[in-house]
$ cat data-v7.cif   # mmCIF, C-alpha atoms
data_work
loop_
_atom_site.label_atom_id
_atom_site.label_comp_id
_atom_site.auth_asym_id
_atom_site.auth_seq_id
_atom_site.Cartn_x
_atom_site.Cartn_y
_atom_site.Cartn_z
CA MET I 1 144.95 106.43 110.06
CA PRO I 2 141.89 104.15 110.21
CA ALA I 3 138.64 105.49 108.82
CA PRO I 4 136.32 106.83 111.49
CA VAL I 5 133.70 104.31 112.54
CA GLU I 6 130.23 105.45 111.61
CA ARG I 7 127.80 105.55 114.49
CA THR I 8 124.95 103.09 114.32
CA ASP I 9 121.40 104.35 114.57
CA ALA I 10 121.14 103.05 118.11
CA GLN I 11 124.26 105.02 119.09
CA VAL I 12 122.90 108.14 117.43
CA VAL I 13 119.61 107.83 119.31
CA ARG I 14 121.46 107.39 122.60
CA ASP I 15 123.64 110.44 121.88
CA VAL I 16 120.66 112.61 120.97
CA LEU I 17 118.78 111.56 124.10
CA ALA I 18 121.88 112.35 126.14
CA GLY I 19 121.76 115.93 124.86
CA ASP I 20 123.76 115.86 121.60
CA ARG I 21 121.09 117.41 119.39
CA ASP I 22 123.42 117.84 116.45
CA ALA I 23 123.73 114.06 116.12
CA TYR I 24 120.12 114.00 114.94
CA ARG I 25 121.23 115.35 111.57
CA LEU I 26 122.77 111.93 110.86
CA LEU I 27 119.28 110.43 110.93
CA VAL I 28 118.00 113.19 108.64
CA ARG I 29 120.79 112.37 106.17
CA ARG I 30 120.27 108.63 106.38
CA TYR I 31 116.51 108.58 106.01
CA GLY I 32 115.62 111.91 104.38
CA ASP I 33 115.50 110.56 100.83
CA ALA I 34 113.53 107.42 101.67
CA LEU I 35 110.96 109.31 103.74
CA HIS I 36 110.69 112.01 101.13
CA GLY I 37 110.18 109.43 98.37
CA HIS I 38 107.24 107.90 100.19
CA ALA I 39 105.73 111.28 101.05
CA LEU I 40 106.05 112.32 97.43
CA ARG I 41 104.24 109.22 96.22
CA MET I 42 101.47 109.70 98.78
CA ALA I 43 101.03 113.47 98.61
CA GLY I 44 101.93 114.04 94.95
CA SER I 45 103.43 117.49 95.44
CA PRO I 46 107.18 117.90 96.10
CA ASP I 47 106.57 120.93 98.32
CA GLU I 48 103.98 119.19 100.44
CA ALA I 49 106.16 116.07 100.63
CA ALA I 50 109.11 118.10 101.90
CA GLU I 51 106.92 119.79 104.50
CA LEU I 52 105.56 116.43 105.67
CA VAL I 53 109.06 115.01 105.99
CA GLN I 54 110.25 118.07 107.91
CA ARG I 55 107.32 117.71 110.31
CA ALA I 56 108.02 113.99 110.67
CA PHE I 57 111.65 114.57 111.61
CA VAL I 58 110.80 117.28 114.13
CA GLN I 59 108.03 115.16 115.63
CA GLY I 60 110.45 112.23 115.73
CA PHE I 61 112.98 114.33 117.62
CA LYS I 62 110.37 115.40 120.18
CA LYS I 63 109.22 111.85 120.79
CA LEU I 64 112.56 110.11 120.38
CA HIS I 65 112.49 108.98 124.00
CA THR I 66 109.45 106.84 123.16
CA CYS I 67 111.27 104.93 120.39
CA ARG I 68 111.39 101.42 121.75
CA GLU I 69 113.88 100.00 119.29
CA PRO I 70 116.60 102.60 118.64
CA GLU I 71 118.33 100.24 116.24
CA ARG I 72 115.19 100.43 114.08
CA VAL I 73 114.71 104.17 114.34
CA GLY I 74 114.49 104.41 110.53
CA ALA I 75 111.39 102.24 110.51
CA TRP I 76 110.01 104.24 113.43
CA LEU I 77 110.53 107.52 111.57
CA PHE I 78 108.95 105.98 108.51
CA ARG I 79 105.84 105.15 110.52
CA ILE I 80 105.61 108.79 111.60
CA VAL I 81 105.84 110.12 108.07
CA ALA I 82 103.44 107.44 106.83
CA ASN I 83 100.85 108.52 109.41
CA LEU I 84 101.34 112.18 108.53
CA CYS I 85 100.88 111.29 104.86
CA LYS I 86 97.62 109.47 105.58
CA ASP I 87 96.35 112.49 107.53
CA HIS I 88 97.43 114.71 104.69
CA VAL I 89 95.55 112.60 102.15
CA ARG I 90 92.43 112.80 104.33
CA SER I 91 92.67 116.57 104.69
CA ALA I 92 93.54 117.01 101.01
CA ARG I 93 90.42 115.06 100.16
CA ARG I 94 88.39 117.37 102.38
CA ARG I 95 89.88 120.33 100.54
CA ASP I 96 88.99 118.62 97.25
CA ILE I 97 92.44 118.91 95.77
CA PRO I 98 92.51 116.38 92.95
CA LEU I 99 95.67 114.31 92.85
CA ALA I 100 94.95 113.62 89.20
CA ALA I 101 95.42 117.31 88.55
CA LEU I 102 98.94 117.01 89.89
CA ALA I 103 99.78 113.88 87.93
CA GLY I 104 100.63 115.70 84.75
CA SER I 105 103.19 117.91 86.48
CA LEU I 106 104.79 115.21 88.59
CA PRO I 107 108.49 114.71 87.99
CA SER I 108 109.26 111.36 86.43
CA ASP I 109 112.43 109.65 85.32
CA ALA I 110 110.68 107.77 82.55
CA ASP I 111 111.65 107.82 78.92
CA PRO I 112 109.87 110.82 77.26
CA ALA I 113 108.39 108.75 74.43
CA ALA I 114 107.00 106.11 76.75
CA ASP I 115 105.87 108.88 79.06
CA ALA I 116 103.77 110.43 76.33
CA SER I 117 102.21 107.17 75.23
CA ASN I 118 101.22 106.35 78.80
CA ALA I 119 99.87 109.79 79.60
CA GLU I 120 96.23 108.85 79.28
CA LEU I 121 96.63 105.69 81.29
CA ARG I 122 98.58 107.59 83.95
CA ALA I 123 95.82 110.14 84.29
CA ARG I 124 93.33 107.31 84.73
CA VAL I 125 95.36 105.46 87.34
CA TRP I 126 96.11 108.58 89.38
CA ARG I 127 92.45 109.54 89.28
CA ALA I 128 91.63 106.06 90.54
CA LEU I 129 94.36 106.19 93.16
CA GLU I 130 92.97 109.31 94.73
CA SER I 131 89.64 107.55 95.18
CA LEU I 132 91.15 104.95 97.50
CA THR I 133 91.11 105.31 101.26
CA PRO I 134 94.40 106.62 102.67
CA GLU I 135 95.16 103.17 104.09
CA GLN I 136 94.49 101.45 100.77
CA ARG I 137 96.53 104.00 98.89
CA GLU I 138 99.41 103.58 101.31
CA ALA I 139 99.32 99.78 101.00
CA PHE I 140 99.13 99.93 97.22
CA VAL I 141 101.94 102.47 96.92
CA LEU I 142 104.23 100.53 99.23
CA LYS I 143 103.58 97.23 97.53
CA HIS I 144 103.14 98.00 93.87
CA VAL I 145 104.83 101.36 93.35
CA GLU I 146 107.70 101.16 95.83
CA GLY I 147 107.99 97.41 95.31
CA ARG I 148 108.46 96.33 98.91
CA SER I 149 107.84 92.84 100.20
CA TYR I 150 104.78 92.10 102.32
CA GLU I 151 106.99 91.17 105.26
CA GLU I 152 108.87 94.44 105.05
CA ILE I 153 105.71 96.54 104.85
CA ALA I 154 104.03 94.60 107.64
CA ALA I 155 107.03 95.17 109.91
CA VAL I 156 107.16 98.87 109.18
CA MET I 157 103.41 99.45 109.42
CA ASP I 158 102.96 97.19 112.45
CA LEU I 159 100.37 95.05 110.69
CA SER I 160 100.12 91.32 110.22
CA VAL I 161 101.03 90.04 106.76
CA ALA I 162 97.51 88.61 106.44
CA SER I 163 95.87 91.99 107.19
CA LEU I 164 98.23 93.72 104.83
CA LYS I 165 97.57 91.28 101.98
CA MET I 166 93.86 91.82 102.48
CA ARG I 167 94.33 95.59 102.32
CA VAL I 168 96.42 95.38 99.16
CA HIS I 169 93.89 93.00 97.63
CA ARG I 170 91.04 95.40 98.39
CA ALA I 171 93.01 98.31 96.97
CA ARG I 172 93.67 96.31 93.81
CA GLU I 173 90.04 95.34 93.44
CA ALA I 174 88.93 98.92 94.03
CA LEU I 175 91.40 100.18 91.45
CA ARG I 176 90.34 97.60 88.93
CA GLY I 177 86.71 98.62 89.34
CA LEU I 178 87.51 102.31 89.16
CA LEU I 179 89.65 101.92 86.08
CA GLU I 180 86.89 100.01 84.33
CA GLU I 181 84.51 102.85 85.21
CA TYR I 182 86.90 105.43 83.81
CA ALA I 183 87.70 103.40 80.68
CA MET W 184 125.91 109.05 103.43
CA SER W 185 125.77 105.27 103.53
CA ASN W 186 124.33 103.45 106.43
CA PRO W 187 126.09 100.77 108.47
CA ALA W 188 125.31 97.28 107.30
CA ASP W 189 123.53 96.27 110.46
CA GLU W 190 121.18 99.18 110.03
CA ARG W 191 120.35 98.46 106.42
CA ALA W 192 117.40 96.22 107.13
CA ASN W 193 115.99 99.11 109.08
CA ALA W 194 116.02 101.46 106.13
CA PRO W 195 113.03 101.81 103.88
CA ALA W 196 113.51 99.83 100.69
CA SER W 197 114.79 101.32 97.49
CA PRO W 198 111.90 102.31 95.28
CA GLU W 199 113.79 100.83 92.35
CA ARG W 200 113.50 97.28 93.63
CA HIS W 201 110.29 95.55 92.63
CA GLU W 202 108.93 92.34 94.00
CA PRO W 203 107.30 89.85 91.65
CA GLU W 204 103.66 90.69 91.21
CA ASP W 205 100.96 88.58 92.76
CA GLY W 206 98.09 90.14 90.88
CA ASP W 207 96.07 88.28 88.33
CA GLY W 208 98.95 88.23 85.85
CA THR W 209 96.94 89.66 82.96
CA ASP W 210 98.57 91.99 80.44
CA GLU W 211 96.12 94.72 81.38
CA TRP W 212 97.03 94.50 85.05
CA GLU W 213 100.75 94.43 84.29
CA ARG W 214 100.30 97.48 82.08
CA MET W 215 98.44 99.26 84.81
CA ILE W 216 101.11 98.52 87.41
CA ALA W 217 103.80 99.65 84.97
CA ALA W 218 101.87 102.86 84.41
CA PHE W 219 101.66 103.46 88.15
CA ARG W 220 105.40 103.02 88.49
CA THR W 221 106.07 105.24 85.52
CA ALA W 222 103.75 107.92 86.84
CA ALA W 223 105.00 107.66 90.40
CA PRO W 224 106.89 110.78 91.37
CA ARG W 225 110.50 110.33 92.39
CA GLY W 226 113.13 112.59 93.73
CA SER W 227 115.58 113.10 96.56
CA ALA W 228 114.84 115.17 99.60
CA PRO W 229 115.52 118.85 98.97
CA PRO W 230 118.99 120.01 100.05
CA TRP W 231 117.49 122.47 102.55
CA LEU W 232 115.66 119.75 104.48
CA GLU W 233 118.48 118.98 106.91
CA GLN W 234 119.10 122.66 107.59
CA ARG W 235 115.43 123.40 108.25
CA VAL W 236 114.92 120.37 110.46
CA MET W 237 117.99 121.18 112.53
CA ALA W 238 117.03 124.87 112.79
CA GLU W 239 113.59 123.90 114.09
CA ILE W 240 115.12 121.44 116.52
CA GLU W 241 117.66 123.97 117.78
CA ALA W 242 114.82 126.38 118.50
CA LEU W 243 113.06 123.86 120.75
CA PRO W 244 113.50 124.34 124.50
CA GLU W 245 116.22 122.19 126.02
CA ARG W 246 115.00 119.20 127.99
CA SER W 247 115.98 119.55 131.59
CA PRO W 248 118.13 116.87 133.26
CA TRP W 249 115.04 115.97 135.25
CA GLN W 250 113.01 115.41 132.08
CA ARG W 251 115.84 113.36 130.58
CA ALA W 252 116.02 111.26 133.73
CA LEU W 253 112.26 110.79 133.70
CA GLY W 254 112.44 109.81 130.03
CA TRP W 255 115.10 107.26 130.82
CA LEU W 256 113.03 105.84 133.67
CA VAL W 257 109.84 105.43 131.64
CA ARG W 258 111.54 104.30 128.41
CA PRO W 259 110.98 100.57 127.88
CA ALA W 260 114.26 98.72 127.56
CA PRO W 261 115.04 95.12 126.69
CA VAL W 262 116.05 93.00 129.67
CA ARG W 263 118.42 90.11 129.14
CA ILE W 264 117.98 87.21 131.53
CA SER W 265 120.31 84.25 131.54
CA PRO W 266 118.83 80.76 132.01
CA LEU W 267 120.63 80.50 135.35
CA SER W 268 119.21 83.73 136.75
CA ALA W 269 115.76 82.90 135.37
CA GLY W 270 115.94 79.52 137.12
CA LEU W 271 117.04 81.10 140.39
CA ALA W 272 114.27 83.68 140.18
CA THR W 273 111.69 80.96 139.53
CA ALA W 274 112.97 78.98 142.48
CA ALA W 275 112.78 82.06 144.69
CA VAL W 276 109.18 82.75 143.67
CA ALA W 277 108.25 79.10 144.23
CA ALA W 278 109.80 79.21 147.69
CA LEU W 279 107.94 82.41 148.48
CA LEU W 280 104.65 80.89 147.40
CA PHE W 281 105.34 77.78 149.44
CA PHE W 282 106.08 79.67 152.65
CA ALA W 283 103.69 82.57 152.30
CA GLY W 284 100.71 80.69 150.90
CA ARG W 285 99.06 81.55 147.59
CA PRO W 286 98.72 85.31 147.28
CA THR W 287 95.85 87.05 145.57
CA MET W 288 97.43 88.93 142.67
CA THR W 289 95.33 91.62 141.07
CA ALA W 290 95.86 94.23 138.43
CA THR W 291 93.66 97.22 137.79
CA VAL W 292 92.24 97.46 134.31
CA GLY W 293 90.02 100.47 133.86
CA SER W 294 87.57 100.44 136.72
CA GLU W 295 87.59 96.70 136.93
CA ARG W 296 89.82 94.42 138.93
CA VAL W 297 91.09 91.36 137.15
CA GLU W 298 92.16 88.35 139.13
CA ALA W 299 95.48 87.02 137.95
CA GLY W 300 94.15 83.50 138.25
CA ALA W 301 91.56 84.26 135.59
CA VAL W 302 94.45 84.44 133.06
CA GLU W 303 93.13 87.69 131.62
CA GLN W 304 95.84 89.06 129.39
CA VAL W 305 96.44 92.78 129.21
CA VAL W 306 98.47 94.63 126.61
CA TYR W 307 99.76 98.12 127.29
CA VAL W 308 98.91 100.40 124.41
CA GLN W 309 100.59 103.76 123.92
CA PHE W 310 98.12 106.49 122.96
CA VAL W 311 99.48 109.66 121.37
CA LEU W 312 97.63 112.84 120.45
CA GLU W 313 99.05 116.12 119.26
CA ALA W 314 96.97 118.83 120.94
CA PRO W 315 99.12 121.91 121.64
CA ALA W 316 96.22 124.01 122.93
CA ALA W 317 94.86 121.39 125.33
CA THR W 318 95.17 121.62 129.09
CA SER W 319 94.13 118.02 129.64
CA VAL W 320 93.68 114.96 127.44
CA ALA W 321 92.10 111.65 128.41
CA VAL W 322 91.29 108.56 126.42
CA ALA W 323 88.04 106.63 126.73
CA GLY W 324 86.83 103.57 124.96
CA ASP W 325 84.92 100.39 125.35
CA PHE W 326 87.92 99.11 127.33
CA SER W 327 87.00 101.69 130.02
CA ASP W 328 83.22 101.59 129.63
CA TRP W 329 83.69 104.90 127.82
CA GLN W 330 84.80 106.57 131.03
CA PRO W 331 87.74 108.98 130.45
CA SER W 332 89.63 107.32 133.26
CA PHE W 333 93.02 107.24 131.53
CA THR W 334 94.70 110.61 131.35
CA LEU W 335 97.53 111.38 128.94
CA THR W 336 100.47 113.56 129.90
CA ASP W 337 102.64 116.09 128.14
CA THR W 338 105.66 116.27 130.40
CA ASP W 339 107.90 118.27 128.07
CA GLY W 340 105.21 120.76 127.05
CA ASP W 341 105.60 120.13 123.32
CA GLY W 342 101.88 119.65 122.82
CA VAL W 343 102.15 115.91 122.21
CA TRP W 344 100.19 113.98 124.84
CA THR W 345 101.01 110.37 125.53
CA GLY W 346 99.93 107.64 127.90
CA ARG W 347 100.11 103.89 128.25
CA VAL W 348 96.79 102.18 128.86
CA PRO W 349 96.16 98.52 129.71
CA VAL W 350 93.81 97.00 127.16
CA ARG W 351 92.59 93.44 126.74
CA PRO W 352 93.19 91.78 123.36
CA GLY W 353 90.39 92.41 120.92
CA VAL W 354 88.94 95.19 118.80
CA HIS W 355 88.10 98.39 120.67
CA GLY W 356 86.57 101.75 119.79
CA TYR W 357 88.01 104.80 121.50
CA MET W 358 88.13 108.61 121.44
CA PHE W 359 90.09 111.35 123.14
CA LEU W 360 88.49 113.81 125.53
CA ILE W 361 90.17 117.21 125.45
CA ASP W 362 89.83 119.64 128.36
CA GLU W 363 87.11 117.38 129.80
CA THR W 364 84.61 118.78 127.32
CA ARG W 365 85.58 118.12 123.72
CA TRP W 366 85.62 114.68 122.13
CA GLN W 367 88.11 114.14 119.33
CA THR W 368 88.66 111.21 117.03
CA ASP W 369 92.26 110.01 116.83
CA PRO W 370 93.53 111.38 113.49
CA ASN W 371 96.18 108.66 113.33
CA ALA W 372 93.96 105.65 113.94
CA GLU W 373 94.32 102.57 111.84
CA ARG W 374 90.57 102.26 111.32
CA TYR W 375 87.35 104.08 112.12
CA GLN W 376 83.74 103.19 112.74
CA ASP W 377 80.54 105.24 113.04
CA ASP W 378 79.48 105.71 116.63
CA GLY W 379 75.79 105.95 115.73
CA PHE W 380 75.65 109.60 116.82
CA GLY W 381 77.09 111.20 113.73
CA ASN W 382 80.74 110.89 114.76
CA ARG W 383 83.46 108.38 114.11
CA ASN W 384 85.24 106.35 116.73
CA ALA W 385 88.81 105.33 116.18
CA VAL W 386 89.27 101.58 116.20
CA LEU W 387 92.15 99.79 117.84
CA ALA W 388 92.93 96.11 117.23
CA VAL W 389 94.97 94.62 120.05
CA GLY W 390 96.52 91.23 119.52
CA ALA W 391 97.45 88.89 122.33
CA SER W 392 101.13 89.18 123.17
CA SER W 393 102.99 85.90 122.96
#
$ encode --input "data-v7.cif" --output "C-alpha cells"
Amino acid sequence: MPAPVERTDAQVVRDVLAGDRDAYRLLVRRYGDALHGHALRMAGSPDEAAELVQRAFVQGFKKLHTCREPERVGAWLFRIVANLCKDHVRSARRRDIPLAALAGSLPSDADPAADASNAELRARVWRALESLTPEQREAFVLKHVEGRSYEEIAAVMDLSVASLKMRVHRAREALRGLLEEYA
Amino acid sequence: MSNPADERANAPASPERHEPEDGDGTDEWERMIAAFRTAAPRGSAPPWLEQRVMAEIEALPERSPWQRALGWLVRPAPVRISPLSAGLATAAVAALLFFAGRPTMTATVGSERVEAGAVEQVVYVQFVLEAPAATSVAVAGDFSDWQPSFTLTDTDGDGVWTGRVPVRPGVHGYMFLIDETRWQTDPNAERYQDDGFGNRNAVLAVGASS
C-alpha cells in the first residue's frame, strides 16, 4: 500500500477554511518548534514563550482567511509570533522585568565547563540585549543567534535587505557600545 | 512530523545553522557572538501546545457559510493570465477607447480624487487592530489628512478589526480611533514617531509596487 501523501500547507489552509478545523493541528505540529524557539529567544522565559506561541496560533486561525500566500503560511505564522514577541518585549520593559535576571536560569545545551567559563560574558550580553529596541533585538536574534540569512529574514519580516542590514548594523553597534560600558 | 519538500523554504530556519559572520571579524566580536549563541535558550515546544491550541480553537464559534463565502470573496487570490488572453484583453480595451473616446478614470483616495492620467500610484495596505471591546475602529493618518475616514470591520466578531486602505507610496504616520473617541497607537507598527503632543504615531513605510 503506498504511503499516504502528506498535505501541503496550501492544502491544509484550504481545508481549514472550508471548515475542517482539525486540519489546523498539522500546522501546529509543523511550525510549533520553530515558532517556540524564536519566542524563547525573544522572551527568555519558556512559559511566556509557550503562551506567546499559543496566542499566535489561535490568532493565526482566526485570521487565516487573510493569509495571502497559503503555501507560505509558516512564514505568515512566524510574522504573527514575531510581532507578539516584540509587543511582549515592550510590555516586559514597561514592567521592568530584567531579561538578564532570567539569563542564568535559561536552559542551554552548551557544554557545562564552557557554560561556566562564559557565565560572566553571558550575563553581560543578555543585559546588553535587553537594552536594545524590540526591533533591534529581533533583527540581532534572527541574524546572529538563529543564524538566518539576510534574504530569509527580509522575506519573513517583510523588510528590504538594505533596511534589515541597517537594523542589524545598528543593533551590533549598540551592543558593542553597551558591552564596553558594562566591561 | 516532517514537512513536504516544497514547503521547506517556508519553514523558519534551523537555529543550528549559522551564516558566516559579517561583523568586524575581531576575536572579541566572535567571542561575543559565540557567547550569545551559547546563552541563547533552546527547546522544543511543550507537548501540551497542540492540545491547548486545538482546545481554544474548538471553543471558538463556528464561522457561518455566509462568513466563509464572504471570506472567499474578499480573499486576494493570484490570477493567471496567458499571453493570448492578455493580448485579447488589451485589444478589447484599445477598441473600447477608440470607439468611446478617452474616458476620465478616477479613483478615490481618502477625500481626494486622483486622476488616473496623473499616474499616481496607490498601494492597498491592510490595517489590523485587536480591540475586543471596541464598537468601532477607524484609521487616520497623513494619508487621510488625519480624518478617520477609513473604518475597519470585524465581520466574525473575534475582536480583530481589519480594513484595506489605499495609500500612496511614502512614509506615513497613522493612528487608530476607537469608538470615535479614543486614539490608540498601533502596537504592531514597524516604527514610531512622536506626534508633538506627548503621544506616538505609528509609522508606515509604503513602497511603490512594481
$ atom_distance --input "data-v7.cif" --atom1 "CA of Gly226 (chain W)" --atom2 "CA of Glu173 (chain I)"
28.8 Å
$ residues_around --input "data-v7.cif" --residues "Thr318 (chain W)" --least-positions-apart "6" --cutoff "10 Å" --atoms "all atoms listed in the file" --output "number ranges by chain"
W: 336-337, 342, 361-363
$ residues_around --input "data-v7.cif" --residues "Gln309 (chain W)" --least-positions-apart "4" --cutoff "7 Å" --atoms "all atoms listed in the file" --output "PDB file with C-alpha atoms, in the frame of the given file"
ATOM      1  CA  THR W 345     101.010 110.370 125.530  1.00  0.00           C
ATOM      2  CA  GLY W 346      99.930 107.640 127.900  1.00  0.00           C
ATOM      3  CA  ARG W 347     100.110 103.890 128.250  1.00  0.00           C
ATOM      4  CA  VAL W 348      96.790 102.180 128.860  1.00  0.00           C
TER       5      VAL W 348
END
$ resolve_selection --input "data-v7.cif" --expression "the PyMOL selection byres ((chain I and resi 156) around 9)" --output "PyMOL selection string"
(chain I and resi 75-76+78-79+151-155+157-159) or (chain W and resi 193+195)
$ atom_distance --input "data-v7.cif" --atom1 "CA of Glu373 (chain W)" --atom2 "CA of Val386 (chain W)"
6.7 Å
$ atom_distance --input "data-v7.cif" --atom1 "CA of Glu233 (chain W)" --atom2 "CA of Leu52 (chain I)"
13.2 Å
$ closest_residue --input "data-v7.cif" --among "I:Cys85, I:Val125, I:Ala139, I:Val12" --to "chain W" --atoms "all atoms listed in the file"
I:Val125
$ residues_around --input "data-v7.cif" --residues "Gln234 (chain W)" --least-positions-apart "6" --cutoff "10 Å" --atoms "all atoms listed in the file" --output "list in words"
Arg25, Val28 and Gln54 of chain I; Ile240 of chain W
$ closest_residue --input "data-v7.cif" --among "I:Leu64, I:Val5, I:Val141, I:Ala23" --to "Ala43 (chain I)" --atoms "only C-alpha atoms"
I:Val141
$ axis_aligned_box --input "data-v7.cif" --around "region 169-178 of chain I" --padding-each-side "5 Å" --output "lines of an AutoDock Vina configuration file"
center_x = 90.3
center_y = 97.7
center_z = 93.7
size_x = 17.2
size_y = 19.3
size_z = 19.5
$ closest_residue --input "data-v7.cif" --among "I:Ser131, I:Arg14, I:Glu146, I:His38" --to "chain W" --atoms "all atoms listed in the file"
I:Glu146
$ resolve_selection --input "data-v7.cif" --expression "the PyMOL selection byres ((chain I and resi 46) around 10)" --output "list in words"
His36, Gly37, Ala39, Leu40, Arg41, Ala43, Gly44, Ser45, Asp47, Glu48, Ala49, Ala50, Glu51, Leu52, Leu106 and Pro107 of chain I; Pro224, Arg225, Gly226, Ser227, Ala228 and Pro229 of chain W
$ closest_residue --input "data-v7.cif" --among "I:Asp33, I:Glu138, I:Glu130, I:Glu69" --to "Leu84 (chain I)" --atoms "only C-alpha atoms"
I:Glu138
$ residues_around --input "data-v7.cif" --residues "His169 (chain I)" --least-positions-apart "4" --cutoff "12 Å" --atoms "all atoms listed in the file" --output "list in words"
Gln136, Arg137, Ala139, Phe140, Lys143, His144, Tyr150, Val161, Ala162, Ser163, Leu164, Lys165, Glu173, Ala174, Leu175 and Arg176 of chain I; Glu204, Asp205, Gly206 and Asp207 of chain W
$ resolve_selection --input "data-v7.cif" --expression "the PyMOL selection byres ((chain I and resi 11) around 12)" --output "list in words"
Val5, Glu6, Arg7, Thr8, Asp9, Ala10, Val12, Val13, Arg14, Asp15, Val16, Leu17, Ala18, Asp20, Ala23, Tyr24, Leu26, Leu27, Glu69, Pro70, Glu71, Arg72 and Val73 of chain I; Pro187 and Glu190 of chain W
$ closest_residue --input "data-v7.cif" --among "I:Val145, I:Val53, I:Val58, I:Leu77" --to "Phe219 (chain W)" --atoms "all atoms listed in the file"
I:Val145
$ closest_residue --input "data-v7.cif" --among "I:Gly60, I:Gly147, I:Pro134, I:Gly19" --to "chain W" --atoms "all atoms listed in the file"
I:Gly147
